[in-house]
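Just coords.csv here, CSV, C-alpha atoms:
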```csv
chain,number,residue,atom,x,y,z
A,45,MET,CA,23.9,-36.7,-18.8
A,46,THR,CA,24.1,-33.6,-16.5
A,47,ARG,CA,22.4,-30.4,-17.4
A,48,LEU,CA,25.8,-28.7,-17.8
A,49,ASP,CA,27.0,-31.4,-20.2
A,50,ALA,CA,23.8,-31.1,-22.2
A,51,THR,CA,24.1,-27.3,-22.2
A,52,ARG,CA,27.7,-27.5,-23.5
A,53,ARG,CA,26.5,-29.8,-26.3
A,54,LEU,CA,23.8,-27.2,-27.2
A,55,VAL,CA,26.2,-24.3,-27.3
A,56,ALA,CA,28.7,-26.3,-29.3
A,57,ALA,CA,26.1,-27.0,-31.9
A,58,LEU,CA,25.0,-23.4,-32.3
A,59,ASP,CA,26.3,-20.6,-34.5
A,60,ARG,CA,24.9,-17.2,-33.5
A,61,GLU,CA,21.3,-18.3,-32.7
A,62,PRO,CA,19.8,-16.3,-29.8
A,63,VAL,CA,19.3,-18.3,-26.6
A,64,ILE,CA,16.8,-17.3,-23.9
A,65,ALA,CA,17.6,-18.9,-20.5
A,66,SER,CA,15.3,-19.5,-17.6
A,67,LEU,CA,16.4,-18.0,-14.3
A,68,GLY,CA,18.7,-20.0,-11.9
A,69,HIS,CA,20.5,-23.1,-12.9
A,70,PRO,CA,19.6,-23.2,-16.6
A,71,ALA,CA,21.0,-19.6,-17.0
A,72,TYR,CA,24.0,-20.4,-14.8
A,73,ASP,CA,24.9,-23.5,-16.9
A,74,LEU,CA,24.4,-21.6,-20.2
A,75,PHE,CA,26.9,-19.0,-18.9
A,76,ALA,CA,29.3,-21.8,-17.8
A,77,ALA,CA,29.0,-23.5,-21.2
A,78,GLY,CA,30.4,-20.3,-22.8
A,79,ASP,CA,29.2,-16.7,-22.4
A,80,ARG,CA,28.1,-15.2,-25.7
A,81,PRO,CA,26.3,-11.9,-26.4
A,82,GLU,CA,23.4,-13.9,-28.0
A,83,ASN,CA,22.5,-15.3,-24.6
A,84,PHE,CA,19.7,-13.6,-22.7
A,85,TYR,CA,19.9,-14.6,-19.1
A,86,THR,CA,16.8,-14.0,-17.0
A,87,TRP,CA,17.2,-13.2,-13.3
A,88,GLY,CA,13.5,-13.5,-12.4
A,89,SER,CA,10.1,-14.0,-14.0
A,90,MET,CA,10.1,-17.7,-13.5
A,91,GLY,CA,8.2,-19.5,-16.2
A,92,LEU,CA,8.4,-16.7,-18.8
A,93,ALA,CA,11.5,-17.8,-20.8
A,94,SER,CA,9.3,-19.7,-23.2
A,95,SER,CA,7.0,-16.6,-23.6
A,96,ILE,CA,10.0,-14.3,-24.2
A,97,GLY,CA,11.2,-16.7,-26.8
A,98,LEU,CA,7.7,-16.8,-28.5
A,99,GLY,CA,7.6,-13.0,-28.7
A,100,LEU,CA,11.1,-12.8,-30.1
A,101,ALA,CA,10.3,-15.5,-32.6
A,102,MET,CA,7.2,-13.7,-33.8
A,103,VAL,CA,9.0,-10.4,-34.6
A,104,GLN,CA,12.3,-12.0,-35.9
A,105,PRO,CA,11.0,-14.8,-38.1
A,106,ASP,CA,14.4,-15.1,-39.9
A,107,LEU,CA,16.2,-16.0,-36.6
A,108,ARG,CA,16.1,-19.4,-35.1
A,109,ILE,CA,15.3,-18.8,-31.4
A,110,PHE,CA,16.3,-21.3,-28.7
A,111,VAL,CA,15.0,-21.3,-25.2
A,112,VAL,CA,16.5,-23.3,-22.3
A,113,ASP,CA,13.8,-23.8,-19.7
A,114,GLY,CA,13.4,-26.0,-16.7
A,115,ASP,CA,10.7,-28.4,-15.9
A,116,GLY,CA,9.6,-26.5,-12.8
A,117,ALA,CA,9.6,-23.2,-14.7
A,118,LEU,CA,7.6,-24.6,-17.6
A,119,LEU,CA,5.1,-26.2,-15.2
A,120,MET,CA,4.6,-22.6,-13.8
A,121,ASN,CA,3.5,-21.4,-17.3
A,122,LEU,CA,1.9,-24.3,-19.1
A,123,GLY,CA,-0.4,-21.9,-20.9
A,124,ALA,CA,2.6,-20.8,-22.8
A,125,LEU,CA,2.6,-24.1,-24.7
A,126,ALA,CA,-1.0,-23.5,-25.7
A,127,THR,CA,-0.1,-20.0,-27.1
A,128,ILE,CA,3.0,-21.4,-28.9
A,129,GLY,CA,0.8,-24.2,-30.3
A,130,TRP,CA,-1.7,-21.6,-31.6
A,131,ILE,CA,0.9,-19.2,-33.1
A,132,ARG,CA,3.1,-22.1,-34.3
A,133,PRO,CA,6.3,-20.1,-34.9
A,134,ALA,CA,8.4,-22.3,-37.2
A,135,ASN,CA,11.6,-20.7,-35.8
A,136,LEU,CA,11.1,-21.5,-32.1
A,137,VAL,CA,13.0,-24.3,-30.3
A,138,LEU,CA,12.0,-24.8,-26.6
A,139,ILE,CA,14.5,-27.1,-24.8
A,140,VAL,CA,13.3,-28.2,-21.4
A,141,TRP,CA,16.1,-29.4,-19.0
A,142,ASP,CA,13.9,-31.9,-17.1
A,143,ASN,CA,15.7,-33.0,-13.9
A,144,ALA,CA,12.4,-33.7,-12.1
A,145,VAL,CA,13.4,-31.3,-9.3
A,146,TYR,CA,13.3,-27.6,-8.4
A,147,GLY,CA,17.1,-27.6,-8.6
A,148,THR,CA,17.7,-23.9,-7.9
A,149,THR,CA,15.6,-24.0,-4.7
A,150,GLY,CA,17.1,-27.1,-3.1
A,151,GLY,CA,16.0,-30.1,-5.0
A,152,GLN,CA,12.3,-30.4,-4.2
A,153,ASP,CA,10.4,-32.8,-6.5
A,154,THR,CA,8.5,-31.4,-9.5
A,155,ALA,CA,5.4,-33.1,-11.0
A,156,THR,CA,7.6,-34.7,-13.6
A,157,ALA,CA,9.1,-36.9,-10.8
A,158,HIS,CA,5.5,-38.2,-10.4
A,159,GLY,CA,4.4,-38.9,-13.9
A,160,ALA,CA,3.8,-35.6,-15.6
A,161,ASP,CA,4.9,-35.9,-19.2
A,162,LEU,CA,5.9,-32.5,-20.7
A,163,GLU,CA,6.4,-34.0,-24.2
A,164,ALA,CA,2.8,-35.2,-24.2
A,165,VAL,CA,1.6,-31.8,-23.0
A,166,ALA,CA,3.5,-30.0,-25.7
A,167,ARG,CA,2.2,-32.3,-28.4
A,168,ALA,CA,-1.4,-32.0,-27.1
A,169,LEU,CA,-1.1,-28.2,-27.1
A,170,GLY,CA,0.1,-28.0,-30.7
A,171,ALA,CA,3.9,-28.1,-30.9
A,172,ARG,CA,4.9,-29.3,-34.4
A,173,ILE,CA,7.5,-31.6,-33.0
A,174,ALA,CA,7.8,-32.8,-29.4
A,175,THR,CA,10.3,-35.3,-28.3
A,176,THR,CA,12.1,-36.6,-25.2
A,177,VAL,CA,15.8,-37.4,-25.2
A,178,HIS,CA,17.8,-39.2,-22.6
A,179,ALA,CA,21.2,-39.8,-24.2
A,180,GLU,CA,23.8,-37.3,-25.5
A,181,HIS,CA,23.6,-38.6,-29.1
A,182,ASP,CA,19.8,-38.2,-29.1
A,183,LEU,CA,20.1,-34.7,-27.9
A,184,ASP,CA,22.7,-33.8,-30.5
A,185,ALA,CA,20.5,-35.3,-33.2
A,186,ALA,CA,17.4,-33.4,-32.0
A,187,ILE,CA,19.3,-30.1,-31.8
A,188,ALA,CA,20.8,-30.6,-35.3
A,189,ARG,CA,17.3,-31.1,-36.8
A,190,ALA,CA,15.8,-28.3,-34.7
A,191,ARG,CA,18.3,-25.8,-36.1
A,192,VAL,CA,17.0,-26.3,-39.7
A,193,GLU,CA,13.6,-28.0,-39.7
A,194,PRO,CA,10.3,-26.1,-39.1
A,195,GLY,CA,9.1,-25.9,-35.5
A,196,PRO,CA,7.9,-25.1,-33.0
A,197,TRP,CA,10.1,-27.7,-31.4
A,198,VAL,CA,9.8,-28.9,-27.8
A,199,ILE,CA,12.8,-31.0,-26.8
A,200,VAL,CA,12.4,-32.5,-23.3
A,201,ALA,CA,15.9,-33.5,-22.2
A,202,ARG,CA,16.1,-35.7,-19.1
A,203,VAL,CA,19.1,-34.5,-17.2
A,204,SER,CA,20.7,-34.9,-13.8
A,205,GLU,CA,21.1,-32.0,-11.4
A,206,VAL,CA,24.6,-30.8,-10.6
A,207,MET,CA,25.2,-27.6,-8.6
A,208,PRO,CA,26.6,-24.8,-10.9
A,209,THR,CA,29.7,-23.0,-9.7
A,210,VAL,CA,29.4,-19.8,-11.7
A,211,LYS,CA,26.8,-17.1,-12.4
A,212,PRO,CA,26.1,-14.9,-15.4
A,213,PRO,CA,26.5,-11.1,-15.3
A,214,LEU,CA,24.1,-9.5,-12.8
A,215,ASP,CA,23.4,-6.3,-14.7
A,216,CYS,CA,20.1,-6.8,-16.4
A,217,VAL,CA,20.3,-3.7,-18.7
A,218,TYR,CA,23.8,-4.8,-19.8
A,219,ILE,CA,22.4,-8.3,-20.6
A,220,LYS,CA,19.6,-6.7,-22.6
A,221,GLN,CA,21.6,-4.2,-24.5
A,222,ARG,CA,24.4,-6.6,-25.4
A,223,PHE,CA,21.8,-9.2,-26.6
A,224,MET,CA,19.8,-6.7,-28.7
A,225,ALA,CA,23.0,-5.5,-30.4
A,226,ALA,CA,24.2,-9.0,-31.0
A,227,ILE,CA,20.9,-10.0,-32.8
A,228,GLY,CA,21.0,-6.9,-35.0
A,229,GLN,CA,18.4,-4.8,-33.0
A,230,PRO,CA,20.6,-2.4,-31.1
A,231,GLU,CA,18.5,-0.4,-28.6
A,232,GLY,CA,18.1,3.1,-29.9
A,233,ALA,CA,19.0,4.6,-26.6
A,234,THR,CA,22.5,3.1,-26.8
A,235,ARG,CA,23.3,5.2,-29.9
A,236,GLY,CA,23.8,8.9,-30.3
A,237,ALA,CA,21.5,10.9,-32.5
A,238,ARG,CA,21.3,14.1,-34.5
A,239,ILE,CA,19.9,17.0,-32.6
B,53,MET,CA,-19.8,4.4,-40.1
B,54,SER,CA,-18.1,2.9,-37.1
B,55,LEU,CA,-20.5,1.6,-34.4
B,56,GLU,CA,-17.6,1.3,-31.9
B,57,PRO,CA,-17.3,3.9,-29.2
B,58,HIS,CA,-15.0,6.9,-29.6
B,59,TRP,CA,-12.7,6.0,-26.7
B,60,ALA,CA,-12.0,2.6,-28.3
B,61,ALA,CA,-11.1,4.2,-31.6
B,62,GLY,CA,-8.8,6.5,-29.6
B,63,VAL,CA,-6.9,3.6,-28.1
B,64,CYS,CA,-6.2,2.2,-31.6
B,65,GLU,CA,-5.2,5.6,-32.9
B,66,GLY,CA,-2.9,6.2,-29.9
B,67,LEU,CA,-1.1,2.9,-30.0
B,68,HIS,CA,-0.7,3.0,-33.7
B,69,ALA,CA,0.7,6.6,-33.6
B,70,VAL,CA,3.4,5.6,-31.2
B,71,GLY,CA,4.6,2.8,-33.5
B,72,SER,CA,3.1,-0.2,-31.8
B,73,ARG,CA,2.3,-3.0,-34.3
B,74,HIS,CA,1.8,-5.8,-31.8
B,75,VAL,CA,-1.0,-6.0,-29.2
B,76,VAL,CA,-0.8,-8.9,-26.7
B,77,TYR,CA,-3.8,-9.2,-24.6
B,78,VAL,CA,-6.1,-11.1,-22.3
B,79,PRO,CA,-9.7,-10.4,-23.3
B,80,ASP,CA,-12.0,-8.0,-21.5
B,81,ASN,CA,-15.5,-6.9,-22.4
B,82,PRO,CA,-14.8,-3.2,-23.0
B,83,LEU,CA,-11.5,-4.0,-24.8
B,84,SER,CA,-13.5,-6.1,-27.3
B,85,HIS,CA,-14.4,-2.8,-29.0
B,86,VAL,CA,-10.7,-2.0,-29.4
B,87,LEU,CA,-10.0,-5.5,-30.8
B,88,ARG,CA,-12.9,-5.2,-33.3
B,89,ILE,CA,-11.5,-1.8,-34.6
B,90,LEU,CA,-8.0,-3.2,-34.9
B,91,ASP,CA,-9.4,-6.2,-36.8
B,92,ARG,CA,-11.3,-4.0,-39.2
B,93,GLU,CA,-9.1,-0.9,-39.7
B,94,TYR,CA,-5.6,-1.8,-38.7
B,95,ALA,CA,-4.3,-4.6,-40.8
B,96,ASP,CA,-0.7,-3.9,-39.8
B,97,VAL,CA,-1.4,-4.5,-36.1
B,98,ARG,CA,-1.0,-8.1,-35.1
B,99,ARG,CA,-3.1,-9.3,-32.1
B,100,THR,CA,-2.0,-12.1,-29.9
B,101,VAL,CA,-4.0,-13.7,-27.1
B,102,ALA,CA,-2.2,-14.8,-24.0
B,103,THR,CA,-3.6,-17.4,-21.6
B,104,ARG,CA,-2.9,-15.0,-18.6
B,105,GLU,CA,-1.5,-11.6,-18.1
B,106,GLU,CA,1.9,-12.6,-16.9
B,107,GLU,CA,2.4,-14.5,-20.1
B,108,ALA,CA,1.4,-11.5,-22.1
B,109,PHE,CA,4.1,-9.4,-20.5
B,110,GLY,CA,6.7,-12.2,-21.3
B,111,ILE,CA,5.7,-12.3,-24.9
B,112,ALA,CA,5.8,-8.5,-25.1
B,113,ALA,CA,9.3,-8.5,-23.6
B,114,GLY,CA,10.5,-10.9,-26.2
B,115,MET,CA,9.0,-8.7,-28.9
B,116,TYR,CA,10.8,-5.6,-27.6
B,117,LEU,CA,14.1,-7.6,-27.6
B,118,GLY,CA,13.5,-8.2,-31.3
B,119,GLY,CA,13.0,-4.5,-32.0
B,120,ALA,CA,9.2,-4.1,-31.8
B,121,ARG,CA,7.1,-1.7,-29.7
B,122,PRO,CA,4.6,-3.9,-28.0
B,123,THR,CA,1.3,-3.0,-26.4
B,124,VAL,CA,-0.2,-5.1,-23.6
B,125,MET,CA,-4.0,-4.9,-23.0
B,126,LEU,CA,-5.6,-6.3,-19.9
B,127,GLN,CA,-8.4,-5.9,-17.4
B,128,SER,CA,-7.3,-4.4,-14.0
B,129,SER,CA,-8.0,-7.7,-12.3
B,130,GLY,CA,-5.1,-9.1,-14.3
B,131,LEU,CA,-2.5,-6.8,-12.9
B,132,GLY,CA,-2.2,-9.1,-9.9
B,133,ASN,CA,-1.2,-11.9,-12.3
B,134,SER,CA,1.4,-9.6,-13.9
B,135,LEU,CA,3.3,-8.3,-11.0
B,136,ASN,CA,6.2,-10.8,-11.0
B,137,ALA,CA,6.7,-10.3,-14.8
B,138,LEU,CA,6.7,-6.5,-14.3
B,139,THR,CA,8.9,-6.3,-11.2
B,140,SER,CA,11.5,-9.0,-12.2
B,141,LEU,CA,11.6,-8.7,-15.9
B,142,LEU,CA,10.4,-5.5,-17.6
B,143,ILE,CA,11.4,-3.1,-14.8
B,144,PRO,CA,14.9,-4.3,-14.0
B,145,TYR,CA,15.8,-4.9,-17.6
B,146,LYS,CA,14.3,-1.6,-18.6
B,147,ILE,CA,12.0,-3.2,-21.2
B,148,PRO,CA,9.2,-0.9,-22.2
B,149,ALA,CA,5.6,-1.7,-23.2
B,150,LEU,CA,2.5,0.4,-23.7
B,151,VAL,CA,0.1,-1.0,-21.2
B,152,ILE,CA,-3.7,-0.4,-21.6
B,153,ILE,CA,-5.7,-1.4,-18.5
B,154,SER,CA,-9.5,-1.5,-18.7
B,155,MET,CA,-10.7,-0.8,-15.2
B,156,ARG,CA,-13.0,-2.8,-13.0
B,157,GLY,CA,-13.8,-2.0,-9.4
B,158,ASP,CA,-13.7,1.8,-9.9
B,159,VAL,CA,-16.7,4.1,-9.8
B,160,GLY,CA,-19.7,2.5,-11.4
B,161,GLU,CA,-18.7,-1.1,-10.4
B,162,TRP,CA,-21.5,-3.5,-9.4
B,163,ASN,CA,-19.4,-6.6,-8.6
B,164,ASP,CA,-18.0,-6.8,-5.1
B,165,ALA,CA,-15.2,-9.2,-6.2
B,166,GLN,CA,-13.8,-6.6,-8.6
B,167,VAL,CA,-13.6,-3.8,-6.1
B,168,PRO,CA,-10.5,-4.6,-3.9
B,169,MET,CA,-8.1,-4.9,-6.8
B,170,GLY,CA,-9.6,-2.0,-8.7
B,171,ARG,CA,-9.4,0.2,-5.7
B,172,ALA,CA,-5.7,-0.8,-5.0
B,173,LEU,CA,-4.5,-0.7,-8.6
B,174,PRO,CA,-3.2,2.9,-8.7
B,175,ALA,CA,-1.4,2.5,-5.4
B,176,ILE,CA,0.2,-0.8,-6.6
B,177,LEU,CA,1.5,0.9,-9.7
B,178,ASP,CA,2.9,3.7,-7.6
B,179,ALA,CA,4.5,1.2,-5.2
B,180,ILE,CA,6.4,-0.5,-8.0
B,181,GLY,CA,7.2,2.8,-9.7
B,182,LEU,CA,5.3,2.5,-12.9
B,183,PRO,CA,4.0,5.8,-14.3
B,184,HIS,CA,0.3,5.8,-15.2
B,185,ALA,CA,-2.2,8.2,-16.7
B,186,THR,CA,-6.0,8.0,-16.9
B,187,ALA,CA,-8.0,8.6,-20.1
B,188,GLU,CA,-10.4,11.2,-18.7
B,189,SER,CA,-12.8,11.3,-21.6
B,190,PRO,CA,-13.5,9.5,-24.9
B,191,GLU,CA,-12.2,12.6,-26.8
B,192,THR,CA,-8.9,12.7,-25.0
B,193,THR,CA,-8.2,8.9,-25.0
B,194,ALA,CA,-6.1,8.9,-28.2
B,195,GLU,CA,-3.8,11.6,-27.0
B,196,THR,CA,-3.4,10.1,-23.5
B,197,VAL,CA,-2.5,6.7,-25.0
B,198,ARG,CA,-0.1,8.3,-27.4
B,199,LEU,CA,1.6,10.3,-24.7
B,200,VAL,CA,1.9,7.3,-22.3
B,201,GLY,CA,3.4,5.3,-25.1
B,202,GLN,CA,5.8,8.1,-26.0
B,203,THR,CA,7.1,8.2,-22.4
B,204,ALA,CA,7.2,4.4,-22.1
B,205,PHE,CA,9.3,3.8,-25.3
B,206,GLY,CA,11.3,7.0,-24.8
B,207,THR,CA,12.3,6.3,-21.3
B,208,ARG,CA,12.4,2.5,-21.6
B,209,GLN,CA,10.0,1.5,-18.9
B,210,PRO,CA,6.4,0.2,-19.0
B,211,GLY,CA,3.8,3.0,-19.1
B,212,VAL,CA,0.2,2.4,-18.1
B,213,CYS,CA,-2.9,4.1,-19.5
B,214,LEU,CA,-6.0,3.4,-17.3
B,215,LEU,CA,-9.4,3.3,-19.0
B,216,PRO,CA,-12.0,4.0,-16.3
B,217,ARG,CA,-15.5,2.6,-16.4
B,218,ARG,CA,-17.0,6.0,-16.6
B,219,VAL,CA,-15.4,6.2,-20.1
B,220,THR,CA,-15.7,2.6,-21.2
B,221,VAL,CA,-19.2,1.8,-20.0
B,222,PRO,CA,-21.2,5.0,-20.2
B,223,ALA,CA,-25.0,4.8,-19.6
B,224,GLY,CA,-26.7,4.0,-22.8
B,225,GLY,CA,-23.4,4.1,-24.7
B,226,ALA,CA,-22.5,0.5,-24.5
B,227,THR,CA,-23.5,-2.4,-26.6
B,228,THR,CA,-26.4,-4.6,-25.6
B,229,ARG,CA,-23.9,-7.3,-24.7
B,230,ASP,CA,-22.0,-4.9,-22.4
B,231,ARG,CA,-25.2,-3.7,-20.7
B,232,ARG,CA,-26.2,-7.2,-19.9
B,233,GLU,CA,-22.9,-8.6,-18.8
B,234,THR,CA,-20.9,-5.8,-17.2
B,235,SER,CA,-23.0,-2.7,-16.6
B,236,VAL,CA,-26.5,-3.7,-15.4
B,237,PRO,CA,-26.5,-7.2,-13.9
B,238,ILE,CA,-30.2,-8.0,-14.7
B,239,SER,CA,-29.9,-11.6,-13.9
B,240,VAL,CA,-28.4,-11.2,-10.4
B,241,GLY,CA,-30.6,-12.5,-7.7
B,242,VAL,CA,-33.2,-13.7,-10.2
B,243,GLN,CA,-34.3,-17.4,-10.3
B,244,PRO,CA,-33.2,-19.3,-13.4
B,245,HIS,CA,-36.7,-19.6,-14.6
B,246,ASP,CA,-37.2,-15.8,-14.5
B,247,ALA,CA,-33.8,-15.3,-16.1
B,248,ARG,CA,-34.8,-17.5,-19.0
B,249,VAL,CA,-38.0,-15.6,-19.5
B,250,ARG,CA,-36.2,-12.3,-19.5
B,251,SER,CA,-33.5,-13.3,-22.0
```
As structure tokens - that is how I would like this structure written.
Amino acid sequence: MTRLDATRRLVAALDREPVIASLGHPAYDLFAAGDRPENFYTWGSMGLASSIGLGLAMVQPDLRIFVVDGDGALLMNLGALATIGWIRPANLVLIVWDNAVYGTTGGQDTATAHGADLEAVARALGARIATTVHAEHDLDAAIARARVEPGPWVIVARVSEVMPTVKPPLDCVYIKQRFMAAIGQPEGATRGARI
Amino acid sequence: MSLEPHWAAGVCEGLHAVGSRHVVYVPDNPLSHVLRILDREYADVRRTVATREEEAFGIAAGMYLGGARPTVMLQSSGLGNSLNALTSLLIPYKIPALVIISMRGDVGEWNDAQVPMGRALPAILDAIGLPHATAESPETTAETVRLVGQTAFGTRQPGVCLLPRRVTVPAGGATTRDRRETSVPISVGVQPHDARVRS
């Protein structure tokens, strides 16, 4: 399956769960699959989508937080898996689109093309459930469970790289303010106040 | 009855006063005093260890998106690890955090390897446009931390409070562990046999 197909399956399965997207192609495909205010598109900070998801999961335990990361990005911040394994937020679902390349930068191999096993790393560092899926129906089944069963979940989805054709909104503050309002935490500065 | 230094109590007081209930950190010897006070006296403040400083800023950003007011604590050496998170996440998205930096490499330093980053740190913060203030004394630390946090969360950008070594590692004012490991390097240049005898 392509990353865009997989992303469309994810979005179709979700209700209003927040999704944090890693920069570049994971964010582009999340936008292409259907823009929604509960999407937080990062435009930089490669590797930190999983950490942003962890912080949000810690302070909003009643929301189920999804992260769409890339294999290259997660490899840049493997320590995040150790912290997630320590905190063990039951409401965090980390989906790794593993295409074995740095797709946004021209398709250079990542370590997963040469044997690195991110599911095994996630399990070793304390994820409650770590799984690898290859086919659409396995991805659907994993997402359906991850929406309701305690995590932290790490779903490594093997996908193929297809060049995206659209990009999400560029304005970072707009992305943030829209996201915070959508999850019920409107930024104070966006409202008026009594003098 | 606290045995912890006054400046460390001030950090706790200041961050709590500004509404921060989450401290994400990478450990540092002087900051251990802050962590002990938080553990003992601030049950409503949750402490989270990150594996490196960049990760700490990512976690803090997520906490802010969820409505919290995060504090990030690090040693000055860790600012280098944090620059991409600051310049491509917190600053462009206007995501605030109260940032407490324990200084190495400033006046009083004994370790060459800490000096280049410590010396450059204020200029780096200026270059990326982050406001910073220095806690000038133990007595004023609480107020400095509170004011930095007030500006950070009020104007929605990270605000940095620097804790210089002349405040955090005063002569005779540190713990025995601090004196051995960060203030007076008694084992430097000493043969292992001698070091064993001394310890």
Next on the checklist: List as a PyMOL selection string the protein and nucleic acid residues near Pro183 (chain B), meaning an atom at most 12 Å away when all atoms listed in the file are counted, but skip any in the same chain fewer than 2 places from it.
Outcome noted: chain B and resi 143+148-151+174-181+185-186+199-201+203-204+207-214
Item to check | chain B contacts to chain A at 8 Å (all atoms listed in the file) as a list in words | outcome: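 Residues passing the distance filter: Val101, Ala102, Thr103, Arg104, Glu106, Glu107, Ala108, Gly110, Ile111, Ala112, Ala113, Gly114, Met115, Tyr116, Leu117, Gly118, Gly119, Ala120, Asn136, Ala137, Ser140, Leu141, Pro144, Tyr145 and Lys146 of chain B.
Residues of protein, DNA or RNA having at least one counted atom within 9 Å of (-3.0, -7.8, -9.4), given only C-alpha atoms, are Ser128, Ser129, Gly130, Leu131, Gly132, Asn133, Ser134, Leu135, Met169, Gly170, Ala172, Leu173 and Ile176 of chain B.
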Next on the checklist: As an exercise, work out the distance from CA of Met125 (chain B) to CA of Leu138 (chain A) in Å and give it to one decimal place.
Outcome noted: 25.8 Å
Item to check | Distance criterion (only C-alpha atoms): nearest to Met155 (chain B) out of B:Arg218, B:Arg99, B:His184, B:Arg121 | outcome: B:Arg218
Next on the checklist: Neighbouring residues of Gly151 (chain A) were defined as those with any atom within 12 Å, considering all atoms listed in the file; residues of the same chain fewer than 2 positions away were excluded. Please report them as number ranges by chain.
Outcome noted: A: 69, 116, 143-149, 153-154, 157, 204-207
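The protein and nucleic acid residues lying at most 12 Å from Asp79 (chain A) are Thr51, Arg52, Val55, Ala56, Arg60, Pro62, Val63, Ala65, Ala71, Tyr72, Asp73, Tyr85, Val210, Lys211, Pro212, Pro213, Ile219, Arg222 and Phe223 of chain A, with all atoms listed in the file considered and sequence neighbours fewer than 6 positions away removed.
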